[in-house]
Amino acid sequence: MATTTKGSAVLTLPTDTEILVTRQFNAPRHLVWKVLTEPDLVKRWWAGQRGTVTDVAVDLRVGGAWRYVMTADGGFEVAFHGEYREIDAPERMVQTEVFEGMPDGDSEPSLNHYTLTEQDGRTTLTVRTVVSSKEVRDGIIATGMEGGMQEAYDLLEELAADLAASE
(Lines give C-alpha, C1' and ligand atoms only; values in the text may rest on other atoms or scores of the structure.)
Protein backbone atom coordinates (compact mmCIF):
# COMPACT_ATOMS: atom_id res chain seq x y z
CA MET A 1 0.00 0.00 0.00
CA ALA A 2 1.14 3.55 -0.70
CA THR A 3 2.34 5.78 2.11
CA THR A 4 -0.50 7.73 3.68
CA THR A 5 -0.57 11.05 5.50
CA LYS A 6 -2.52 10.17 8.66
CA GLY A 7 -4.08 12.93 10.72
CA SER A 8 -2.83 15.67 8.42
CA ALA A 9 -6.00 17.66 7.76
CA VAL A 10 -5.60 21.31 8.75
CA LEU A 11 -8.68 23.04 10.15
CA THR A 12 -8.83 26.83 10.31
CA LEU A 13 -11.56 29.37 11.03
CA PRO A 14 -11.08 32.13 8.42
CA THR A 15 -14.23 34.06 9.42
CA ASP A 16 -16.93 33.88 12.09
CA THR A 17 -19.12 31.83 9.73
CA GLU A 18 -16.57 29.57 8.02
CA ILE A 19 -14.66 26.38 8.68
CA LEU A 20 -11.84 25.62 6.25
CA VAL A 21 -10.28 22.16 6.02
CA THR A 22 -7.31 21.33 3.80
CA ARG A 23 -5.96 17.80 3.43
CA GLN A 24 -3.52 16.17 1.03
CA PHE A 25 -4.10 12.60 -0.09
CA ASN A 26 -1.50 10.30 -1.59
CA ALA A 27 -3.82 9.36 -4.47
CA PRO A 28 -4.92 10.88 -7.79
CA ARG A 29 -7.86 13.27 -7.85
CA HIS A 30 -10.24 11.02 -9.80
CA LEU A 31 -9.89 8.33 -7.13
CA VAL A 32 -10.34 10.73 -4.21
CA TRP A 33 -13.48 11.98 -5.99
CA LYS A 34 -14.68 8.40 -6.45
CA VAL A 35 -14.22 7.60 -2.75
CA LEU A 36 -15.99 10.87 -1.80
CA THR A 37 -19.03 10.20 -3.98
CA GLU A 38 -19.70 6.47 -4.49
CA PRO A 39 -22.04 5.05 -1.81
CA ASP A 40 -20.28 1.70 -1.39
CA LEU A 41 -17.00 3.51 -0.79
CA VAL A 42 -18.48 6.26 1.43
CA LYS A 43 -19.79 3.50 3.72
CA ARG A 44 -16.22 2.38 4.32
CA TRP A 45 -14.78 5.71 5.54
CA TRP A 46 -17.44 8.22 6.61
CA ALA A 47 -17.84 7.10 10.26
CA GLY A 48 -14.10 7.10 10.89
CA GLN A 49 -13.47 4.95 13.97
CA ARG A 50 -16.64 6.17 15.71
CA GLY A 51 -19.32 3.78 14.52
CA THR A 52 -20.76 1.92 11.56
CA VAL A 53 -22.29 3.50 8.50
CA THR A 54 -25.74 1.97 7.99
CA ASP A 55 -27.02 3.90 4.97
CA VAL A 56 -25.59 6.06 2.20
CA ALA A 57 -27.79 7.52 -0.51
CA VAL A 58 -26.22 9.61 -3.27
CA ASP A 59 -27.99 11.17 -6.24
CA LEU A 60 -24.92 12.89 -7.67
CA ARG A 61 -26.44 15.57 -9.88
CA VAL A 62 -27.30 19.23 -9.40
CA GLY A 63 -30.54 19.21 -7.41
CA GLY A 64 -29.93 15.62 -6.32
CA ALA A 65 -30.02 14.64 -2.66
CA TRP A 66 -27.57 12.81 -0.43
CA ARG A 67 -27.97 11.24 3.01
CA TYR A 68 -25.49 9.46 5.29
CA VAL A 69 -26.50 7.55 8.43
CA MET A 70 -24.34 5.85 11.02
CA THR A 71 -24.82 4.05 14.30
CA ALA A 72 -22.28 5.58 16.64
CA ASP A 73 -20.32 3.42 19.06
CA GLY A 74 -22.62 4.66 21.85
CA GLY A 75 -25.57 3.01 20.07
CA PHE A 76 -27.27 6.19 18.86
CA GLU A 77 -27.98 7.15 15.27
CA VAL A 78 -26.30 10.10 13.55
CA ALA A 79 -27.58 11.31 10.18
CA PHE A 80 -26.84 14.14 7.77
CA HIS A 81 -28.46 15.03 4.49
CA GLY A 82 -28.33 17.71 1.84
CA GLU A 83 -28.61 18.67 -1.79
CA TYR A 84 -26.01 19.04 -4.49
CA ARG A 85 -25.86 22.63 -5.78
CA GLU A 86 -22.86 22.41 -8.14
CA ILE A 87 -20.91 19.49 -9.56
CA ASP A 88 -17.85 19.65 -11.77
CA ALA A 89 -16.35 16.16 -11.42
CA PRO A 90 -13.66 15.47 -10.32
CA GLU A 91 -12.74 19.06 -9.48
CA ARG A 92 -15.50 20.76 -7.54
CA MET A 93 -18.73 20.10 -5.67
CA VAL A 94 -21.00 22.36 -3.62
CA GLN A 95 -23.63 20.84 -1.37
CA THR A 96 -25.87 21.77 1.51
CA GLU A 97 -25.61 19.84 4.77
CA VAL A 98 -28.13 19.42 7.57
CA PHE A 99 -27.48 17.54 10.80
CA GLU A 100 -30.73 15.69 11.45
CA GLY A 101 -30.26 15.76 15.22
CA MET A 102 -30.11 19.55 15.40
CA PRO A 103 -32.42 20.80 18.14
CA ASP A 104 -34.96 23.44 17.20
CA GLY A 105 -33.03 26.58 16.55
CA ASP A 106 -30.83 27.23 13.56
CA SER A 107 -32.32 25.17 10.77
CA GLU A 108 -30.26 26.81 8.03
CA PRO A 109 -28.16 24.21 6.26
CA SER A 110 -24.45 24.70 6.00
CA LEU A 111 -22.99 25.07 2.53
CA ASN A 112 -19.93 22.91 1.80
CA HIS A 113 -17.60 23.83 -1.06
CA TYR A 114 -15.30 20.93 -2.06
CA THR A 115 -12.31 21.64 -4.32
CA LEU A 116 -9.88 18.94 -5.44
CA THR A 117 -6.57 19.76 -7.12
CA GLU A 118 -3.93 17.29 -8.22
CA GLN A 119 -0.18 17.63 -8.54
CA ASP A 120 2.25 14.78 -9.17
CA GLY A 121 -0.40 12.15 -8.39
CA ARG A 122 -1.32 13.71 -5.02
CA THR A 123 -4.65 15.39 -4.37
CA THR A 124 -5.33 18.39 -2.19
CA LEU A 125 -8.89 18.56 -0.92
CA THR A 126 -10.15 21.90 0.36
CA VAL A 127 -13.54 22.00 2.06
CA ARG A 128 -14.96 25.41 2.93
CA THR A 129 -18.06 25.18 5.11
CA VAL A 130 -20.20 28.28 5.44
CA VAL A 131 -22.76 28.48 8.27
CA SER A 132 -25.30 31.05 9.40
CA SER A 133 -23.56 32.36 12.55
CA LYS A 134 -20.48 32.22 14.76
CA GLU A 135 -22.53 30.28 17.32
CA VAL A 136 -23.32 27.56 14.78
CA ARG A 137 -19.68 27.43 13.64
CA ASP A 138 -18.45 27.16 17.22
CA GLY A 139 -21.11 24.53 18.00
CA ILE A 140 -19.90 22.38 15.12
CA ILE A 141 -16.29 22.66 16.31
CA ALA A 142 -17.37 21.83 19.90
CA THR A 143 -18.84 18.48 18.79
CA GLY A 144 -15.34 17.11 18.31
CA MET A 145 -15.84 17.01 14.56
CA GLU A 146 -12.14 17.54 13.94
CA GLY A 147 -11.14 14.19 15.46
CA GLY A 148 -13.82 12.33 13.55
CA MET A 149 -12.88 14.13 10.35
CA GLN A 150 -9.21 13.16 10.77
CA GLU A 151 -10.18 9.49 11.23
CA ALA A 152 -12.56 9.55 8.27
CA TYR A 153 -10.07 11.25 5.95
CA ASP A 154 -7.38 8.74 6.96
CA LEU A 155 -9.70 5.92 5.88
CA LEU A 156 -10.66 7.80 2.70
CA GLU A 157 -6.99 8.08 1.80
CA GLU A 158 -6.35 4.40 2.45
CA LEU A 159 -9.23 3.47 0.13
CA ALA A 160 -8.11 5.86 -2.62
CA ALA A 161 -4.48 4.65 -2.33
CA ASP A 162 -5.64 1.02 -2.52
CA LEU A 163 -7.67 1.83 -5.65
CA ALA A 164 -4.60 3.56 -7.15
CA ALA A 165 -2.43 0.52 -6.46
CA SER A 166 -4.88 -1.72 -8.30
CA GLU A 167 -5.14 0.52 -11.40
# chains A, B, ... in the order shown; residues from 1 in each chain; ligands from 1
$ select_by_dssp --residues "range 87-166 of chain A" --states "strand (DSSP E)" --output "number ranges by chain"
A: 87-88, 92-99, 110-119, 122-130
$ write_last_selection --atoms "N, CA and C atoms" --output "mmCIF file, in the first residue's frame"
data_model
loop_
_atom_site.group_PDB
_atom_site.id
_atom_site.type_symbol
_atom_site.label_atom_id
_atom_site.label_comp_id
_atom_site.auth_asym_id
_atom_site.auth_seq_id
_atom_site.Cartn_x
_atom_site.Cartn_y
_atom_site.Cartn_z
ATOM 1 N N ILE A 87 -21.779 20.654 -9.392
ATOM 2 C CA ILE A 87 -20.911 19.486 -9.560
ATOM 3 C C ILE A 87 -20.084 19.700 -10.822
ATOM 4 N N ASP A 88 -18.777 19.612 -10.655
ATOM 5 C CA ASP A 88 -17.845 19.652 -11.774
ATOM 6 C C ASP A 88 -16.799 18.565 -11.500
ATOM 7 N N ARG A 92 -14.782 19.871 -8.446
ATOM 8 C CA ARG A 92 -15.505 20.764 -7.535
ATOM 9 C C ARG A 92 -16.913 20.243 -7.289
ATOM 10 N N MET A 93 -17.372 20.469 -6.052
ATOM 11 C CA MET A 93 -18.727 20.102 -5.675
ATOM 12 C C MET A 93 -19.173 21.061 -4.573
ATOM 13 N N VAL A 94 -20.405 21.523 -4.673
ATOM 14 C CA VAL A 94 -20.999 22.356 -3.624
ATOM 15 C C VAL A 94 -22.286 21.664 -3.196
ATOM 16 N N GLN A 95 -22.445 21.511 -1.890
ATOM 17 C CA GLN A 95 -23.632 20.837 -1.371
ATOM 18 C C GLN A 95 -24.068 21.459 -0.060
ATOM 19 N N THR A 96 -25.366 21.373 0.205
ATOM 20 C CA THR A 96 -25.869 21.772 1.508
ATOM 21 C C THR A 96 -25.676 20.598 2.464
ATOM 22 N N GLU A 97 -25.730 20.899 3.756
ATOM 23 C CA GLU A 97 -25.611 19.844 4.766
ATOM 24 C C GLU A 97 -26.465 20.213 5.967
ATOM 25 N N VAL A 98 -27.281 19.254 6.399
ATOM 26 C CA VAL A 98 -28.131 19.424 7.570
ATOM 27 C C VAL A 98 -27.873 18.255 8.509
ATOM 28 N N PHE A 99 -27.589 18.558 9.765
ATOM 29 C CA PHE A 99 -27.479 17.538 10.796
ATOM 30 C C PHE A 99 -28.885 17.253 11.280
ATOM 31 N N SER A 110 -25.769 24.173 6.351
ATOM 32 C CA SER A 110 -24.453 24.698 6.004
ATOM 33 C C SER A 110 -24.262 24.488 4.507
ATOM 34 N N LEU A 111 -23.316 25.215 3.942
ATOM 35 C CA LEU A 111 -22.993 25.070 2.530
ATOM 36 C C LEU A 111 -21.528 24.662 2.449
ATOM 37 N N ASN A 112 -21.279 23.474 1.878
ATOM 38 C CA ASN A 112 -19.931 22.914 1.801
ATOM 39 C C ASN A 112 -19.415 23.016 0.376
ATOM 40 N N HIS A 113 -18.256 23.655 0.235
ATOM 41 C CA HIS A 113 -17.603 23.828 -1.060
ATOM 42 C C HIS A 113 -16.380 22.907 -1.086
ATOM 43 N N TYR A 114 -16.412 21.869 -1.911
ATOM 44 C CA TYR A 114 -15.303 20.931 -2.061
ATOM 45 C C TYR A 114 -14.510 21.294 -3.312
ATOM 46 N N THR A 115 -13.191 21.406 -3.181
ATOM 47 C CA THR A 115 -12.313 21.637 -4.320
ATOM 48 C C THR A 115 -11.181 20.624 -4.248
ATOM 49 N N LEU A 116 -10.948 19.930 -5.363
ATOM 50 C CA LEU A 116 -9.883 18.936 -5.437
ATOM 51 C C LEU A 116 -8.899 19.347 -6.522
ATOM 52 N N THR A 117 -7.623 19.462 -6.151
ATOM 53 C CA THR A 117 -6.571 19.763 -7.121
ATOM 54 C C THR A 117 -5.545 18.643 -7.049
ATOM 55 N N GLU A 118 -4.912 18.371 -8.173
ATOM 56 C CA GLU A 118 -3.927 17.294 -8.225
ATOM 57 C C GLU A 118 -2.591 17.819 -8.726
ATOM 58 N N GLN A 119 -1.534 17.345 -8.084
ATOM 59 C CA GLN A 119 -0.184 17.635 -8.538
ATOM 60 C C GLN A 119 0.675 16.409 -8.256
ATOM 61 N N ARG A 122 -0.783 13.441 -6.371
ATOM 62 C CA ARG A 122 -1.322 13.706 -5.022
ATOM 63 C C ARG A 122 -2.460 14.702 -5.153
ATOM 64 N N THR A 123 -3.458 14.545 -4.317
ATOM 65 C CA THR A 123 -4.645 15.392 -4.374
ATOM 66 C C THR A 123 -4.751 16.233 -3.113
ATOM 67 N N THR A 124 -5.017 17.511 -3.309
ATOM 68 C CA THR A 124 -5.329 18.394 -2.186
ATOM 69 C C THR A 124 -6.828 18.635 -2.205
ATOM 70 N N LEU A 125 -7.468 18.305 -1.108
ATOM 71 C CA LEU A 125 -8.893 18.560 -0.917
ATOM 72 C C LEU A 125 -9.030 19.770 -0.008
ATOM 73 N N THR A 126 -9.810 20.740 -0.470
ATOM 74 C CA THR A 126 -10.148 21.899 0.356
ATOM 75 C C THR A 126 -11.656 21.904 0.521
ATOM 76 N N VAL A 127 -12.111 21.944 1.768
ATOM 77 C CA VAL A 127 -13.543 22.000 2.056
ATOM 78 C C VAL A 127 -13.797 23.279 2.850
ATOM 79 N N ARG A 128 -14.574 24.170 2.252
ATOM 80 C CA ARG A 128 -14.964 25.412 2.929
ATOM 81 C C ARG A 128 -16.432 25.289 3.300
ATOM 82 N N THR A 129 -16.698 25.278 4.598
ATOM 83 C CA THR A 129 -18.057 25.176 5.114
ATOM 84 C C THR A 129 -18.494 26.550 5.581
ATOM 85 N N VAL A 130 -19.643 26.985 5.075
ATOM 86 C CA VAL A 130 -20.201 28.283 5.437
ATOM 87 C C VAL A 130 -21.484 28.032 6.216
#
$ residues_around --residues "range 22-39 of chain A" --least-positions-apart "6" --cutoff "9 Å" --atoms "only C-alpha atoms" --output "PyMOL selection string"
chain A and resi 2-5+7-12+45-46+55-58+60+89-91+116-128+153-154+156-164
$ atom_distance --atom1 "CA of Gln150 in chain A" --atom2 "CA of Val78 in chain A"
17.6 Å
$ closest_residue --among "A:Pro109, A:Thr71, A:Met149, A:Ala65" --to "Val136 in chain A" --atoms "only C-alpha atoms"
A:Pro109
$ atom_distance --atom1 "CA of Ser132 in chain A" --atom2 "CA of Glu100 in chain A"
16.4 Å
$ closest_residue --among "A:Val42, A:Asp16, A:Ile141, A:Gly48" --to "Arg67 in chain A" --atoms "only C-alpha atoms"
A:Val42
$ select_by_dssp --residues "chain A" --states "alpha helix (DSSP H)" --output "VMD selection string"
chain A and resid 29 to 37 39 to 45 134 to 142 145 to 165
$ atom_distance --atom1 "CA of Tyr84 in chain A" --atom2 "CA of Val21 in chain A"
19.2 Å
$ closest_residue --among "A:Gly51, A:Lys6, A:Leu13, A:Met70" --to "Ile140 in chain A" --atoms "only C-alpha atoms"
A:Leu13
